[in-house]
Amino acid sequence: MESRSIALEHEPDIVVARNEVRRLARALGFSPTDQTRLATVASELARNVVKYAGHGRLIAQPITDSDGRTGLRLIFEDTGPGIYDLAAAMRDGFSTGGGLGKGLPGSRRLVHEFQIESSPERGTRVSVVRWT
Amino acid sequence: MANNSSAQTEQTRRVVDLLAARRDEILNLWIKERLESDEFRDELISKKELRQQSQQLVDALARSIQASNGADFDDAEFNELRAFLNQISRQRAVKGYTPTENATYILSLRNVVIPLLAEELGGDTAALVREMDYFTRLLDKMGLVMVENFIRSREEIIRQQRADMLELSTPVIKVWDKILTLPIIGTLDSRRAQLMMEALLQRIVESGSTVAILDITGVRTMDTLVANHLLKTVTAARLMGARCILTGVSPAIAQTMVQLGIDLSQITTRAQMADGIKLALELVGRTVVPAALVAHLRANGTAPGYKPHEQSAATNNADTKQ
Ligand SMILES: Nc1ncnc2c1ncn2[C@@H]1O[C@H](COP(=O)(O)OP(=O)(O)OP(=O)(O)O)[C@@H](O)[C@H]1O
Ligand SMILES: [Mg+2]
């Protein structure tokens with residue numbers, strides 16, 4: 001199945017991202033609960049891009065591992081200001097934007113693989129995978 | 001400007017000649033350049049699609065230069081090319097390319113064509129300068145069209161998305177004296193969640209309600225932001241003397257909320273809207289009993305030995321008159 005890329009710039013893009021991820025997850029055979037998990041991760045991380053970086057994109061890639069298991073990789077990338085204190089940002093309850101501070105740590109709990117890179121020069125890139 | 005001097009006609013013929021004679025070579029070099037650049041991402045565009053697009057573009061460019069006889073990009077002969085640029089920049093807008101990536105795609109054609117031009121024109125420096133000047137200006141204009149249209153497309157897409165979403169307004173419904181319900185359906189973005197919660201609080205005040213049922217049966221995804229709105233609304237309602245009941249939480253949302261780490265335990269929840277209504281009635285000191293029971297009570301003054309499981313849940317009219 002083909003990868004999809006979605007622009008993240010305005011609030012409505014978050015909804016598009018979320019719906020598209022759910023659609024892909026369903027097509028890949030994820031359970032309804034997993035579809036909701038992935039859609040929620042998309043919502044969280046896409047919102048962070050829009051809110052803190054202003055512009056970026058989501059790349060959704062269907063993948064297969066060596067055992068033939070299906071997964072969905074979601075990459076959220078932006079060229080925004082980066083995350084000043086990454087360790088703090090990954091902790092529950094840390095927010096510079098008046099949120100609950102659950103977006104990053106919560107998303108990590110909703111997926112099987114979670115990688116985050118961030119720097120002031122290059123912006124932020126979060127890559128997550130959930131397997132069926 | 002586009003005066004058709006013989007010099008200009010001659011030089012443009014040379015660009016066209018080059019684009020025609022060495023088209024495949026240009027195409028291969030251009031695509032190679034793109035694939036090797038930092039910007040190429042096969043998640044964004046497949047190699048096949050890139051090749052197809054680039055080929056169409058080179059062909060349209062050659063045709064337009066030929067037909068326009070060396071005129072400016074504003075010339076009507078470039079309409080086909082302009083339409084094609086609009087089409088691909090729109091595709092890219094949807095995919096989340098940056099405006100820079102979009103413009104670079106066009107401008108990078110220069111890196112391929114100029115060296116070949118230099119090769120073709122040998123030592124004729126004057127011709128080469130003229131040729132480069134013409135071609136560069138053309139590409140600049142094309143790049144501009146890409147960027148302008150890219151931005152326009154983004155705006156269009158966003159307007160459309162907004163319109164789609166606002167169609168779903170959510171009514172606050174009074175189901176009983178002092179009881180309100182807010183059936184939430186569809187997609188909750190931040191603005192809509194906020195508007196809905198404000199409307200609910202407003203109605204609580206106006207109607208003097210003491211219980212509000214928030215039903216999320218129709219909600220597929222709840223993220224931290226929506227949960228945050230929800231928690232704030234429940235707290236605000238409580239300060240106003242009203243209690244909120246959350247109903248219709250699907251198993252998927254319940255599990256996701258727990259993993260996200262959002263504590264909804266301070267909100268009273270019931271599986272179904274019907275259970276929520278039942279609880280709400282109890283909270284305002286009402287109950288739903290079978291009409292037959294009331295009739296019996298009226299006639300006899302005592303309750304019969306009726307069996308609760310046989311009752312059909314009927315709303316009791318006498319209830320309101322108590
Ligand atoms: N893409 C990003 N660019 C820059 N900073 C970011 C980005 N994503 C997250 N952050 C920073 O990390 C913090 C934590 O993010 P997280 O998503 O966990 O919480 P939040 O967005 O503040 O609140 P919530 O997601 O719970 O509504 C943010 O407050 C922000 O400072
Ligand atoms: Mg967040």
# chains A, B, ... in the order shown; residues from 1 in each chain; ligands from 1
>>> interface_residues(of="chain A", to="chain B", cutoff="8 Å", atoms="only C-alpha atoms", output="ChimeraX atom specification")
/A:3-8,10-13,15,32-34,36-37,39-40,43-44,56-59,61,99-100,102-103,105-107,109-110
>>> residues_around(residues="range 24-33 of chain B", least_positions_apart="2", cutoff="7 Å", atoms="only C-alpha atoms", output="NGL selection string")
:B and (22 or 35-37 or 51 or 55 or 109 or 112-113)
>>> write_last_selection(atoms="N, CA, C and O atoms", output="PDB file, in the first residue's frame")
ATOM      1  N   ARG B  22      17.878  16.635 -27.062  1.00  0.00           N
ATOM      2  CA  ARG B  22      18.502  15.914 -25.945  1.00  0.00           C
ATOM      3  C   ARG B  22      17.535  15.729 -24.781  1.00  0.00           C
ATOM      4  O   ARG B  22      17.924  15.728 -23.627  1.00  0.00           O
ATOM      5  N   LEU B  35      16.615  13.059  -7.396  1.00  0.00           N
ATOM      6  CA  LEU B  35      16.678  11.895  -6.524  1.00  0.00           C
ATOM      7  C   LEU B  35      17.838  11.994  -5.555  1.00  0.00           C
ATOM      8  O   LEU B  35      17.772  11.525  -4.422  1.00  0.00           O
ATOM      9  N   GLU B  36      18.912  12.640  -6.005  1.00  0.00           N
ATOM     10  CA  GLU B  36      20.094  12.759  -5.140  1.00  0.00           C
ATOM     11  C   GLU B  36      19.995  13.924  -4.164  1.00  0.00           C
ATOM     12  O   GLU B  36      20.758  13.998  -3.207  1.00  0.00           O
ATOM     13  N   SER B  37      19.082  14.839  -4.429  1.00  0.00           N
ATOM     14  CA  SER B  37      18.997  16.015  -3.549  1.00  0.00           C
ATOM     15  C   SER B  37      18.430  15.610  -2.191  1.00  0.00           C
ATOM     16  O   SER B  37      17.761  14.590  -2.053  1.00  0.00           O
ATOM     17  N   ARG B  51       9.107  10.911 -12.530  1.00  0.00           N
ATOM     18  CA  ARG B  51       9.562  10.830 -13.920  1.00  0.00           C
ATOM     19  C   ARG B  51       8.462  11.287 -14.876  1.00  0.00           C
ATOM     20  O   ARG B  51       8.690  12.092 -15.771  1.00  0.00           O
ATOM     21  N   GLN B  55       8.689  14.599 -17.197  1.00  0.00           N
ATOM     22  CA  GLN B  55       8.648  14.440 -18.650  1.00  0.00           C
ATOM     23  C   GLN B  55       7.562  15.321 -19.256  1.00  0.00           C
ATOM     24  O   GLN B  55       7.794  16.027 -20.228  1.00  0.00           O
ATOM     25  N   LEU B 109      15.941  22.680 -12.723  1.00  0.00           N
ATOM     26  CA  LEU B 109      16.082  22.319 -14.138  1.00  0.00           C
ATOM     27  C   LEU B 109      17.209  23.127 -14.782  1.00  0.00           C
ATOM     28  O   LEU B 109      17.872  22.681 -15.708  1.00  0.00           O
ATOM     29  N   VAL B 112      20.647  21.613 -14.921  1.00  0.00           N
ATOM     30  CA  VAL B 112      20.828  20.564 -15.910  1.00  0.00           C
ATOM     31  C   VAL B 112      20.964  21.157 -17.306  1.00  0.00           C
ATOM     32  O   VAL B 112      21.819  20.757 -18.099  1.00  0.00           O
ATOM     33  N   VAL B 113      20.118  22.142 -17.588  1.00  0.00           N
ATOM     34  CA  VAL B 113      20.045  22.654 -18.959  1.00  0.00           C
ATOM     35  C   VAL B 113      21.221  23.581 -19.305  1.00  0.00           C
ATOM     36  O   VAL B 113      21.761  23.507 -20.411  1.00  0.00           O
TER      37      VAL B 113
END
>>> residues_near_ligand(ligand="ligand 1", cutoff="7 Å", atoms="only C-alpha atoms and all ligand atoms", output="VMD selection string")
(chain A and resid 44 to 45 48 to 49 52 to 53 78 80 to 83 89 to 90 92 94 to 105 123 to 124) or (chain B and resid 224 to 225)
>>> closest_residue(among="A:Gly71, A:Gly93, A:Pro62, A:Gly29", to="ligand 2", atoms="only C-alpha atoms and all ligand atoms")
A:Gly93
>>> closest_residue(among="A:Val126, A:Leu24, A:Ala46, A:Leu86", to="ligand 2", atoms="only C-alpha atoms and all ligand atoms")
A:Ala46
>>> select_by_dssp(residues="range 33-93 of chain A", states="helix (DSSP H, G or I)", output="VMD selection string")
chain A and resid 33 to 53 86 to 89
>>> write_last_selection(atoms="N, CA, C and O atoms", output="compact mmCIF listing (two decimals), in the first residue's frame")
# COMPACT_ATOMS: atom_id res chain seq x y z
N THR A 33 -9.83 -0.75 18.25
CA THR A 33 -9.14 -0.05 19.33
C THR A 33 -7.79 0.48 18.84
O THR A 33 -7.40 1.61 19.15
N ASP A 34 -7.09 -0.33 18.05
CA ASP A 34 -5.81 0.13 17.49
C ASP A 34 -6.01 1.30 16.53
O ASP A 34 -5.19 2.22 16.48
N GLN A 35 -7.09 1.26 15.77
CA GLN A 35 -7.38 2.39 14.87
C GLN A 35 -7.53 3.67 15.68
O GLN A 35 -7.02 4.72 15.32
N THR A 36 -8.24 3.54 16.81
CA THR A 36 -8.44 4.72 17.67
C THR A 36 -7.10 5.16 18.27
O THR A 36 -6.82 6.35 18.36
N ARG A 37 -6.28 4.19 18.69
CA ARG A 37 -4.96 4.53 19.24
C ARG A 37 -4.16 5.33 18.22
O ARG A 37 -3.61 6.39 18.52
N LEU A 38 -4.10 4.81 16.99
CA LEU A 38 -3.30 5.47 15.97
C LEU A 38 -3.87 6.84 15.60
O LEU A 38 -3.14 7.81 15.41
N ALA A 39 -5.19 6.92 15.51
CA ALA A 39 -5.81 8.21 15.19
C ALA A 39 -5.53 9.23 16.29
O ALA A 39 -5.31 10.41 16.02
N THR A 40 -5.50 8.74 17.52
CA THR A 40 -5.25 9.65 18.65
C THR A 40 -3.80 10.13 18.62
O THR A 40 -3.53 11.32 18.83
N VAL A 41 -2.87 9.21 18.35
CA VAL A 41 -1.46 9.61 18.22
C VAL A 41 -1.33 10.66 17.11
O VAL A 41 -0.65 11.67 17.28
N ALA A 42 -2.00 10.41 15.99
CA ALA A 42 -1.94 11.37 14.87
C ALA A 42 -2.45 12.73 15.32
O ALA A 42 -1.87 13.76 15.02
N SER A 43 -3.53 12.71 16.06
CA SER A 43 -4.12 13.96 16.53
C SER A 43 -3.14 14.70 17.45
O SER A 43 -2.92 15.91 17.29
N GLU A 44 -2.55 13.98 18.37
CA GLU A 44 -1.62 14.60 19.33
C GLU A 44 -0.40 15.19 18.65
O GLU A 44 -0.04 16.35 18.87
N LEU A 45 0.25 14.35 17.84
CA LEU A 45 1.53 14.79 17.28
C LEU A 45 1.34 15.81 16.16
O LEU A 45 2.15 16.72 16.00
N ALA A 46 0.24 15.68 15.42
CA ALA A 46 -0.05 16.68 14.39
C ALA A 46 -0.37 18.02 15.06
O ALA A 46 0.05 19.07 14.60
N ARG A 47 -1.07 17.97 16.16
CA ARG A 47 -1.39 19.21 16.86
C ARG A 47 -0.13 19.88 17.37
O ARG A 47 0.00 21.11 17.29
N ASN A 48 0.79 19.10 17.88
CA ASN A 48 2.06 19.68 18.34
C ASN A 48 2.76 20.41 17.19
O ASN A 48 3.28 21.51 17.38
N VAL A 49 2.77 19.80 16.01
CA VAL A 49 3.41 20.45 14.85
C VAL A 49 2.73 21.78 14.56
O VAL A 49 3.37 22.82 14.44
N VAL A 50 1.41 21.75 14.47
CA VAL A 50 0.67 22.97 14.13
C VAL A 50 0.83 24.02 15.22
O VAL A 50 1.06 25.20 14.94
N LYS A 51 0.77 23.58 16.46
CA LYS A 51 0.76 24.53 17.57
C LYS A 51 2.15 25.10 17.87
O LYS A 51 2.30 26.29 18.09
N TYR A 52 3.15 24.24 17.85
CA TYR A 52 4.47 24.70 18.29
C TYR A 52 5.43 25.02 17.14
O TYR A 52 6.39 25.75 17.33
N ALA A 53 5.19 24.43 15.96
CA ALA A 53 6.13 24.68 14.86
C ALA A 53 5.48 25.49 13.73
O ALA A 53 6.17 26.11 12.94
N LEU A 86 14.10 18.24 25.87
CA LEU A 86 13.42 17.05 25.38
C LEU A 86 13.02 16.11 26.51
O LEU A 86 11.92 15.55 26.53
N ALA A 87 13.93 15.93 27.46
CA ALA A 87 13.64 15.03 28.58
C ALA A 87 12.41 15.51 29.35
O ALA A 87 11.54 14.72 29.71
N ALA A 88 12.33 16.80 29.57
CA ALA A 88 11.18 17.36 30.28
C ALA A 88 9.90 17.19 29.46
O ALA A 88 8.86 16.81 29.99
N ALA A 89 10.01 17.43 28.15
CA ALA A 89 8.83 17.35 27.28
C ALA A 89 8.26 15.94 27.25
O ALA A 89 7.06 15.76 27.03
>>> residues_around(residues="Arg125 in chain A", least_positions_apart="3", cutoff="7 Å", atoms="only C-alpha atoms", output="PDB file with N, CA and C atoms, in the first residue's frame")
ATOM      1  N   ILE A  75       5.357   9.472  10.600  1.00  0.00           N
ATOM      2  CA  ILE A  75       6.468  10.404  10.819  1.00  0.00           C
ATOM      3  C   ILE A  75       5.908  11.827  10.808  1.00  0.00           C
ATOM      4  N   PHE A  76       6.178  12.540  11.869  1.00  0.00           N
ATOM      5  CA  PHE A  76       5.726  13.930  11.975  1.00  0.00           C
ATOM      6  C   PHE A  76       6.973  14.800  11.932  1.00  0.00           C
ATOM      7  N   GLU A  77       7.090  15.638  10.931  1.00  0.00           N
ATOM      8  CA  GLU A  77       8.309  16.439  10.871  1.00  0.00           C
ATOM      9  C   GLU A  77       7.987  17.903  10.659  1.00  0.00           C
ATOM     10  N   ASP A  78       8.774  18.734  11.322  1.00  0.00           N
ATOM     11  CA  ASP A  78       8.603  20.160  11.141  1.00  0.00           C
ATOM     12  C   ASP A  78       9.963  20.841  11.178  1.00  0.00           C
ATOM     13  N   ILE A 116      12.231  10.245  18.815  1.00  0.00           N
ATOM     14  CA  ILE A 116      12.074  11.685  18.660  1.00  0.00           C
ATOM     15  C   ILE A 116      13.441  12.341  18.555  1.00  0.00           C
ATOM     16  N   GLU A 117      13.564  13.251  17.587  1.00  0.00           N
ATOM     17  CA  GLU A 117      14.793  14.031  17.439  1.00  0.00           C
ATOM     18  C   GLU A 117      14.360  15.476  17.352  1.00  0.00           C
ATOM     19  N   SER A 118      15.121  16.335  17.997  1.00  0.00           N
ATOM     20  CA  SER A 118      14.734  17.729  17.954  1.00  0.00           C
ATOM     21  C   SER A 118      15.951  18.612  18.150  1.00  0.00           C
TER      22      SER A 118
END
